[in-house]
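Working notes, structure below.
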There are 4 protein chains.
Amino acid sequence: MSNITLAQANTIIEAAFAKGAEMGLKPLSVAVLDSGGHLIAFQRSDNSSFLRHEIASGKAYGALAVGAGSRWLNAQAETRPHFLEGLSSVSGGKIVAVPGGVLVKDKIGAIVGAVGISGDTSDNDEICGIHGIEAAGMTADGG
Amino acid sequence: MSNITLAQANTIIEAAFAKGAEMGLKPLSVAVLDSGGHLIAFQRSDNSSFLRHEIASGKAYGALAVGAGSRWLNAQAETRPHFLEGLSSVSGGKIVAVPGGVLVKDKIGAIVGAVGISGDTSDNDEICGIHGIEAAGMTADGG
Amino acid sequence: MSNITLAQANTIIEAAFAKGAEMGLKPLSVAVLDSGGHLIAFQRSDNSSFLRHEIASGKAYGALAVGAGSRWLNAQAETRPHFLEGLSSVSGGKIVAVPGGVLVKDKIGAIVGAVGISGDTSDNDEICGIHGIEAAGMTADGG
Amino acid sequence: MSNITLAQANTIIEAAFAKGAEMGLKPLSVAVLDSGGHLIAFQRSDNSSFLRHEIASGKAYGALAVGAGSRWLNAQAETRPHFLEGLSSVSGGKIVAVPGGVLVKDKIGAIVGAVGISGDTSDNDEICGIHGIEAAGMTADGG
């Protein structure tokens, strides 16, 4: 299994920020996690509220925990809220189950990490995450 | 009170995996807990996401905590979500209240442990758990 | 980076148990974690106390968290106890800093996971962990 | 009170990495926190173990929590370990009390955030943190 390098993580963040600026979004924050759910890189835009790391990382962690983008978790929360509550509990409270947690896959489809974005609407957050991952030459799966 | 031996736990896991393969399910993970809710054995199939131990054990723990298979907990969550939230809280966040947590009973009906499975749909997970328990010569109660 | 497969994890556990039996040790419990600190497989011998999963996994988790076998953590605890307390705290209380958490490395020296053993003395636990890893054709680093 | 901008945080991290490379240190990880103890930016070098964010942020958080660089906390831990244990507890387990958590002050001496570094010895970590802060035109206080 390959990894996301720090250089790739920085590329993802910069490209996600550029997409947000192009779309005129609110200030974004972007977290890049490795396949085990551990932080590689994070940047929070100026004038963002302080919990952005926890939110962005929580989306990415949730995606990795179940092997599906956080849009899938969001759908589960609507149909089976108690399942999401259980997932959140057994993860130690690390999951934010709304869109914007996007799996990163390598060329053979293996999950090598995830990107979490927070700052604008969840849908717009996800668009920027996908853009960032593709700008770094990898495959995105938002769920 | 009798216990589940490690040899029985391994038999349960192997039989559950065999059932999953026979049914063509996604990669499964299986946890076997003793009657006190403590882990005896666990195996996670290759290419599974990383939170499988916590999910599988959370189903089994929930079943043991109330003395009913986790399918009963799932029904409670739908009709009395605040009860499940309370249970989860007082357990220290250890419960996942969806089907797939199956009580293991001995020949006189005493609860000797529980099996938790995660990886496919909750219903399919439960089928494999029941199969594993019966393959080891014990009685299964999914709720 | 390569992974530890479930088949390899089971081989490690069986070989560690065999070594413990050969040495006449107390009943052992063995956890195998992936490189992100998540459980692949665990087995607890009959007649062991109930916290063995948490102890064995805590040794392995600690080794992975800092990239050194838990014998190194044990030495740190003696010279800088406050450092170990800090590590434990920021890990969410997941670390047991005594020998018996052994890194697993592949042929190019990359860390692919860790094995944690508990049940006899920490030194004997470590011997069995190293034996198990080598029996599976990988390289062990106890710290 | 002024803040550390994201641009300044990135400058601090890049300069700290450059200093580590110049000194031939092990792979470093650097966290930059705002004055409220919340993450602005973080980067983990390739081939670092996975708990680096928690360790680096834990040094910086501890420094901000008491208004002194984490070298001061390290000294407290040696003379009054129970004080550090209390601090750690009331912080929710967020403090790592060894050198390498460096306060960032503006031109009038106000604390505007902190930098935490992990990867080499605590002393070398601190040197790189101080270098990064000064490269961004601010004042460093290691304790």
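Numbering starts fresh at 1 for the residues of each chain in the structure tokens, the chains themselves are lettered A, B, ... in the order given, and ligands are numbered from 1 as they appear.
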
Can you pull out every residue from region 90-137 of chain C that DSSP, working from the backbone, puts in helix (DSSP H, G or I), and format the result as a PDB file with all heavy atoms, in the first residue's frame?
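Resulting contents of part.pdb:
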ATOM      1  N   VAL C  90      -2.079  12.252  25.576  1.00  0.00           N
ATOM      2  CA  VAL C  90      -2.453  12.734  24.242  1.00  0.00           C
ATOM      3  C   VAL C  90      -2.842  11.594  23.313  1.00  0.00           C
ATOM      4  O   VAL C  90      -3.453  11.829  22.260  1.00  0.00           O
ATOM      5  CB  VAL C  90      -1.359  13.619  23.591  1.00  0.00           C
ATOM      6  CG1 VAL C  90      -1.148  14.886  24.411  1.00  0.00           C
ATOM      7  CG2 VAL C  90      -0.069  12.869  23.373  1.00  0.00           C
ATOM      8  N   SER C 122       7.317  -9.160  31.505  1.00  0.00           N
ATOM      9  CA  SER C 122       7.433  -8.353  30.285  1.00  0.00           C
ATOM     10  C   SER C 122       8.559  -8.866  29.392  1.00  0.00           C
ATOM     11  O   SER C 122       8.437  -8.889  28.163  1.00  0.00           O
ATOM     12  CB  SER C 122       7.673  -6.884  30.649  1.00  0.00           C
ATOM     13  OG  SER C 122       6.532  -6.350  31.277  1.00  0.00           O
ATOM     14  N   ASP C 123       9.669  -9.293  30.007  1.00  0.00           N
ATOM     15  CA  ASP C 123      10.790  -9.793  29.205  1.00  0.00           C
ATOM     16  C   ASP C 123      10.396 -11.068  28.462  1.00  0.00           C
ATOM     17  O   ASP C 123      10.720 -11.227  27.279  1.00  0.00           O
ATOM     18  CB  ASP C 123      12.005 -10.060  30.097  1.00  0.00           C
ATOM     19  CG  ASP C 123      12.678  -8.770  30.542  1.00  0.00           C
ATOM     20  OD1 ASP C 123      12.392  -7.707  29.958  1.00  0.00           O
ATOM     21  OD2 ASP C 123      13.497  -8.833  31.481  1.00  0.00           O
ATOM     22  N   ASN C 124       9.718 -11.969  29.144  1.00  0.00           N
ATOM     23  CA  ASN C 124       9.295 -13.200  28.469  1.00  0.00           C
ATOM     24  C   ASN C 124       8.226 -12.930  27.410  1.00  0.00           C
ATOM     25  O   ASN C 124       8.219 -13.557  26.339  1.00  0.00           O
ATOM     26  CB  ASN C 124       8.766 -14.207  29.501  1.00  0.00           C
ATOM     27  CG  ASN C 124       9.893 -14.881  30.265  1.00  0.00           C
ATOM     28  OD1 ASN C 124      11.034 -14.936  29.773  1.00  0.00           O
ATOM     29  ND2 ASN C 124       9.602 -15.383  31.458  1.00  0.00           N
ATOM     30  N   ASP C 125       7.337 -11.997  27.720  1.00  0.00           N
ATOM     31  CA  ASP C 125       6.343 -11.596  26.720  1.00  0.00           C
ATOM     32  C   ASP C 125       7.042 -11.165  25.425  1.00  0.00           C
ATOM     33  O   ASP C 125       6.661 -11.567  24.326  1.00  0.00           O
ATOM     34  CB  ASP C 125       5.504 -10.421  27.238  1.00  0.00           C
ATOM     35  CG  ASP C 125       4.597 -10.780  28.416  1.00  0.00           C
ATOM     36  OD1 ASP C 125       4.331 -11.981  28.636  1.00  0.00           O
ATOM     37  OD2 ASP C 125       4.150  -9.840  29.105  1.00  0.00           O
ATOM     38  N   GLU C 126       8.075 -10.340  25.595  1.00  0.00           N
ATOM     39  CA  GLU C 126       8.785  -9.807  24.426  1.00  0.00           C
ATOM     40  C   GLU C 126       9.455 -10.928  23.621  1.00  0.00           C
ATOM     41  O   GLU C 126       9.443 -10.914  22.385  1.00  0.00           O
ATOM     42  CB  GLU C 126       9.824  -8.790  24.884  1.00  0.00           C
ATOM     43  CG  GLU C 126      10.512  -8.057  23.744  1.00  0.00           C
ATOM     44  CD  GLU C 126      11.699  -7.255  24.248  1.00  0.00           C
ATOM     45  OE1 GLU C 126      12.709  -7.876  24.670  1.00  0.00           O
ATOM     46  OE2 GLU C 126      11.619  -6.019  24.229  1.00  0.00           O
ATOM     47  N   ILE C 127      10.051 -11.880  24.333  1.00  0.00           N
ATOM     48  CA  ILE C 127      10.713 -13.001  23.631  1.00  0.00           C
ATOM     49  C   ILE C 127       9.721 -13.723  22.731  1.00  0.00           C
ATOM     50  O   ILE C 127      10.024 -14.048  21.571  1.00  0.00           O
ATOM     51  CB  ILE C 127      11.314 -13.989  24.665  1.00  0.00           C
ATOM     52  CG1 ILE C 127      12.538 -13.364  25.345  1.00  0.00           C
ATOM     53  CG2 ILE C 127      11.694 -15.315  24.001  1.00  0.00           C
ATOM     54  CD1 ILE C 127      13.032 -14.150  26.573  1.00  0.00           C
ATOM     55  N   CYS C 128       8.528 -13.937  23.247  1.00  0.00           N
ATOM     56  CA  CYS C 128       7.521 -14.658  22.454  1.00  0.00           C
ATOM     57  C   CYS C 128       7.032 -13.817  21.277  1.00  0.00           C
ATOM     58  O   CYS C 128       6.748 -14.347  20.195  1.00  0.00           O
ATOM     59  CB  CYS C 128       6.346 -15.066  23.341  1.00  0.00           C
ATOM     60  SG  CYS C 128       6.828 -16.249  24.624  1.00  0.00           S
ATOM     61  N   GLY C 129       6.940 -12.512  21.484  1.00  0.00           N
ATOM     62  CA  GLY C 129       6.529 -11.637  20.383  1.00  0.00           C
ATOM     63  C   GLY C 129       7.546 -11.654  19.256  1.00  0.00           C
ATOM     64  O   GLY C 129       7.192 -11.755  18.074  1.00  0.00           O
ATOM     65  N   ILE C 130       8.806 -11.551  19.636  1.00  0.00           N
ATOM     66  CA  ILE C 130       9.873 -11.570  18.626  1.00  0.00           C
ATOM     67  C   ILE C 130       9.859 -12.906  17.873  1.00  0.00           C
ATOM     68  O   ILE C 130       9.968 -12.946  16.645  1.00  0.00           O
ATOM     69  CB  ILE C 130      11.242 -11.313  19.293  1.00  0.00           C
ATOM     70  CG1 ILE C 130      11.309  -9.865  19.792  1.00  0.00           C
ATOM     71  CG2 ILE C 130      12.386 -11.622  18.338  1.00  0.00           C
ATOM     72  CD1 ILE C 130      12.529  -9.549  20.660  1.00  0.00           C
ATOM     73  N   HIS C 131       9.693 -13.982  18.636  1.00  0.00           N
ATOM     74  CA  HIS C 131       9.659 -15.311  18.009  1.00  0.00           C
ATOM     75  C   HIS C 131       8.511 -15.408  16.993  1.00  0.00           C
ATOM     76  O   HIS C 131       8.689 -15.918  15.882  1.00  0.00           O
ATOM     77  CB  HIS C 131       9.507 -16.395  19.075  1.00  0.00           C
ATOM     78  CG  HIS C 131       9.452 -17.777  18.514  1.00  0.00           C
ATOM     79  ND1 HIS C 131      10.581 -18.488  18.180  1.00  0.00           N
ATOM     80  CD2 HIS C 131       8.389 -18.561  18.184  1.00  0.00           C
ATOM     81  CE1 HIS C 131      10.219 -19.659  17.676  1.00  0.00           C
ATOM     82  NE2 HIS C 131       8.897 -19.729  17.683  1.00  0.00           N
ATOM     83  N   GLY C 132       7.357 -14.905  17.381  1.00  0.00           N
ATOM     84  CA  GLY C 132       6.199 -14.974  16.484  1.00  0.00           C
ATOM     85  C   GLY C 132       6.423 -14.207  15.198  1.00  0.00           C
ATOM     86  O   GLY C 132       6.092 -14.690  14.105  1.00  0.00           O
ATOM     87  N   ILE C 133       6.976 -13.016  15.330  1.00  0.00           N
ATOM     88  CA  ILE C 133       7.199 -12.172  14.148  1.00  0.00           C
ATOM     89  C   ILE C 133       8.192 -12.841  13.202  1.00  0.00           C
ATOM     90  O   ILE C 133       7.988 -12.875  11.986  1.00  0.00           O
ATOM     91  CB  ILE C 133       7.711 -10.774  14.589  1.00  0.00           C
ATOM     92  CG1 ILE C 133       6.598 -10.040  15.352  1.00  0.00           C
ATOM     93  CG2 ILE C 133       8.195  -9.969  13.390  1.00  0.00           C
ATOM     94  CD1 ILE C 133       7.090  -8.851  16.161  1.00  0.00           C
ATOM     95  N   GLU C 134       9.253 -13.385  13.770  1.00  0.00           N
ATOM     96  CA  GLU C 134      10.270 -14.030  12.925  1.00  0.00           C
ATOM     97  C   GLU C 134       9.713 -15.304  12.283  1.00  0.00           C
ATOM     98  O   GLU C 134      10.075 -15.630  11.153  1.00  0.00           O
ATOM     99  CB  GLU C 134      11.529 -14.301  13.750  1.00  0.00           C
ATOM    100  CG  GLU C 134      12.207 -12.984  14.152  1.00  0.00           C
ATOM    101  CD  GLU C 134      13.438 -13.173  15.032  1.00  0.00           C
ATOM    102  OE1 GLU C 134      13.629 -14.289  15.556  1.00  0.00           O
ATOM    103  OE2 GLU C 134      14.191 -12.187  15.210  1.00  0.00           O
ATOM    104  N   ALA C 135       8.842 -15.990  12.999  1.00  0.00           N
ATOM    105  CA  ALA C 135       8.233 -17.195  12.428  1.00  0.00           C
ATOM    106  C   ALA C 135       7.382 -16.864  11.203  1.00  0.00           C
ATOM    107  O   ALA C 135       7.172 -17.707  10.326  1.00  0.00           O
ATOM    108  CB  ALA C 135       7.370 -17.896  13.480  1.00  0.00           C
TER     109      ALA C 135
END

Report task. May I have all residues of chain A that DSSP, computed from the backbone, assigns to strand (DSSP E or B), given as a ChimeraX atom specification? Result -> /A:29-34,39-44,101-105,111-118,139-141

Using C-alpha atoms, can you write the selected residues to a file as a PDB file, in the first residue's frame?
ATOM      1  CA  SER A  29      -9.764  24.524   6.510  1.00  0.00           C
ATOM      2  CA  VAL A  30      -8.309  21.307   5.125  1.00  0.00           C
ATOM      3  CA  ALA A  31      -6.963  18.211   6.895  1.00  0.00           C
ATOM      4  CA  VAL A  32      -5.116  15.334   5.224  1.00  0.00           C
ATOM      5  CA  LEU A  33      -5.018  12.020   7.141  1.00  0.00           C
ATOM      6  CA  ASP A  34      -3.047   8.855   6.421  1.00  0.00           C
ATOM      7  CA  LEU A  39      -2.883  13.706  10.671  1.00  0.00           C
ATOM      8  CA  ILE A  40      -0.291  14.434   7.972  1.00  0.00           C
ATOM      9  CA  ALA A  41      -1.050  18.099   7.322  1.00  0.00           C
ATOM     10  CA  PHE A  42      -3.631  20.750   8.189  1.00  0.00           C
ATOM     11  CA  GLN A  43      -4.170  24.395   7.353  1.00  0.00           C
ATOM     12  CA  ARG A  44      -6.871  26.716   8.687  1.00  0.00           C
ATOM     13  CA  GLY A 101     -14.678  13.725   4.132  1.00  0.00           C
ATOM     14  CA  VAL A 102     -13.265  12.297   0.916  1.00  0.00           C
ATOM     15  CA  LEU A 103     -11.287   9.066   0.547  1.00  0.00           C
ATOM     16  CA  VAL A 104      -7.989   9.213  -1.341  1.00  0.00           C
ATOM     17  CA  LYS A 105      -7.224   6.187  -3.501  1.00  0.00           C
ATOM     18  CA  ILE A 111      -7.320   3.649   0.207  1.00  0.00           C
ATOM     19  CA  VAL A 112      -4.207   5.611   1.124  1.00  0.00           C
ATOM     20  CA  GLY A 113      -5.796   8.307   3.262  1.00  0.00           C
ATOM     21  CA  ALA A 114      -8.569  10.874   3.368  1.00  0.00           C
ATOM     22  CA  VAL A 115      -9.131  14.604   3.089  1.00  0.00           C
ATOM     23  CA  GLY A 116     -11.546  16.512   5.307  1.00  0.00           C
ATOM     24  CA  ILE A 117     -12.733  20.037   4.558  1.00  0.00           C
ATOM     25  CA  SER A 118     -14.804  22.479   6.584  1.00  0.00           C
ATOM     26  CA  THR A 139      -8.527   9.413  -7.068  1.00  0.00           C
ATOM     27  CA  ALA A 140     -11.250  10.895  -4.845  1.00  0.00           C
ATOM     28  CA  ASP A 141     -14.285   9.103  -3.357  1.00  0.00           C
TER      29      ASP A 141
END

Requested in this report: Using only C-alpha atoms, determine which residues of chain A fall within 12 Å of chain B; present them as a PyMOL selection string.
Outcome: chain A and resi 1+34-38+61-69+79-95+103+109-113

Query - Proximity to Gly24 (chain D) - best of D:Gly137, D:Asp120, D:Gln8, D:Ser70, only C-alpha atoms - result: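 The shortest atom-to-atom distance to Gly24 (chain D) comes from D:Asp120.
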
Using only C-alpha atoms, which residues sit within 9 Å of Thr5 (chain C) once same-chain residues fewer than 2 positions away are excluded, as a short mmCIF file (atom, residue, chain, number, x, y, z; two decimals) with all heavy atoms, in the first residue's frame?
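The file below, result10.cif, is the result:
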data_model
loop_
_atom_site.label_atom_id
_atom_site.label_comp_id
_atom_site.auth_asym_id
_atom_site.auth_seq_id
_atom_site.Cartn_x
_atom_site.Cartn_y
_atom_site.Cartn_z
N SER B 45 -10.68 -9.32 8.45
CA SER B 45 -10.31 -9.76 7.10
C SER B 45 -9.46 -8.70 6.41
O SER B 45 -9.60 -7.50 6.68
CB SER B 45 -11.56 -10.00 6.25
OG SER B 45 -12.27 -11.11 6.72
N ASP B 46 -8.61 -9.14 5.50
CA ASP B 46 -7.83 -8.21 4.70
C ASP B 46 -8.78 -7.29 3.92
O ASP B 46 -9.89 -7.69 3.55
CB ASP B 46 -6.95 -8.99 3.71
CG ASP B 46 -5.91 -9.84 4.45
OD1 ASP B 46 -5.59 -9.52 5.62
OD2 ASP B 46 -5.42 -10.81 3.85
N ASN C 3 1.55 -4.45 4.18
CA ASN C 3 0.72 -4.64 5.36
C ASN C 3 0.98 -6.01 5.96
O ASN C 3 1.56 -6.89 5.32
CB ASN C 3 -0.76 -4.60 4.98
CG ASN C 3 -1.18 -3.23 4.53
OD1 ASN C 3 -1.01 -2.26 5.26
ND2 ASN C 3 -1.70 -3.13 3.32
N ALA C 7 -3.62 -13.66 7.60
CA ALA C 7 -2.93 -14.96 7.68
C ALA C 7 -1.60 -14.82 8.42
O ALA C 7 -1.25 -15.67 9.26
CB ALA C 7 -2.71 -15.53 6.27
N GLN C 8 -0.86 -13.76 8.12
CA GLN C 8 0.42 -13.55 8.82
C GLN C 8 0.18 -13.27 10.31
O GLN C 8 0.92 -13.75 11.17
CB GLN C 8 1.17 -12.37 8.19
CG GLN C 8 1.75 -12.68 6.82
CD GLN C 8 2.35 -11.44 6.16
OE1 GLN C 8 1.76 -10.36 6.18
NE2 GLN C 8 3.52 -11.60 5.56
N ALA C 9 -0.86 -12.49 10.60
CA ALA C 9 -1.16 -12.18 12.01
C ALA C 9 -1.48 -13.46 12.78
O ALA C 9 -1.01 -13.65 13.91
CB ALA C 9 -2.33 -11.20 12.09
N ASN C 10 -2.25 -14.35 12.16
CA ASN C 10 -2.57 -15.61 12.83
C ASN C 10 -1.33 -16.48 13.03
O ASN C 10 -1.19 -17.14 14.08
CB ASN C 10 -3.64 -16.37 12.04
CG ASN C 10 -5.02 -15.75 12.20
OD1 ASN C 10 -5.30 -15.10 13.20
ND2 ASN C 10 -5.88 -15.93 11.20
N ILE C 40 -5.77 -6.06 14.07
CA ILE C 40 -5.98 -7.06 13.01
C ILE C 40 -6.46 -8.37 13.63
O ILE C 40 -7.42 -8.97 13.15
CB ILE C 40 -4.69 -7.32 12.22
CG1 ILE C 40 -4.19 -6.04 11.54
CG2 ILE C 40 -4.91 -8.42 11.17
CD1 ILE C 40 -2.82 -6.18 10.90
#

Report task. Measure the distance from CA of Trp72 (chain D) to CA of Arg71 (chain C) in Å and round it to one decimal. Result ->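 About the pair CA of Trp72 (chain D) and CA of Arg71 (chain C): they are 27.7 Å apart.
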
Query - Pairwise distance for CA of Pro27 (chain C) and CA of Ala15 (chain C), rounded to one decimal in Å - result: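 Going from CA of Pro27 (chain C) over to CA of Ala15 (chain C), I get 13.8 Å.
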
Query raised in the report: Which is closest to Asp106 (chain D) among D:Ile12, D:Met138, D:Thr121, D:Ala75, if we use only C-alpha atoms?
Result: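 Answer, going by the shortest atom-to-atom distance: D:Met138.
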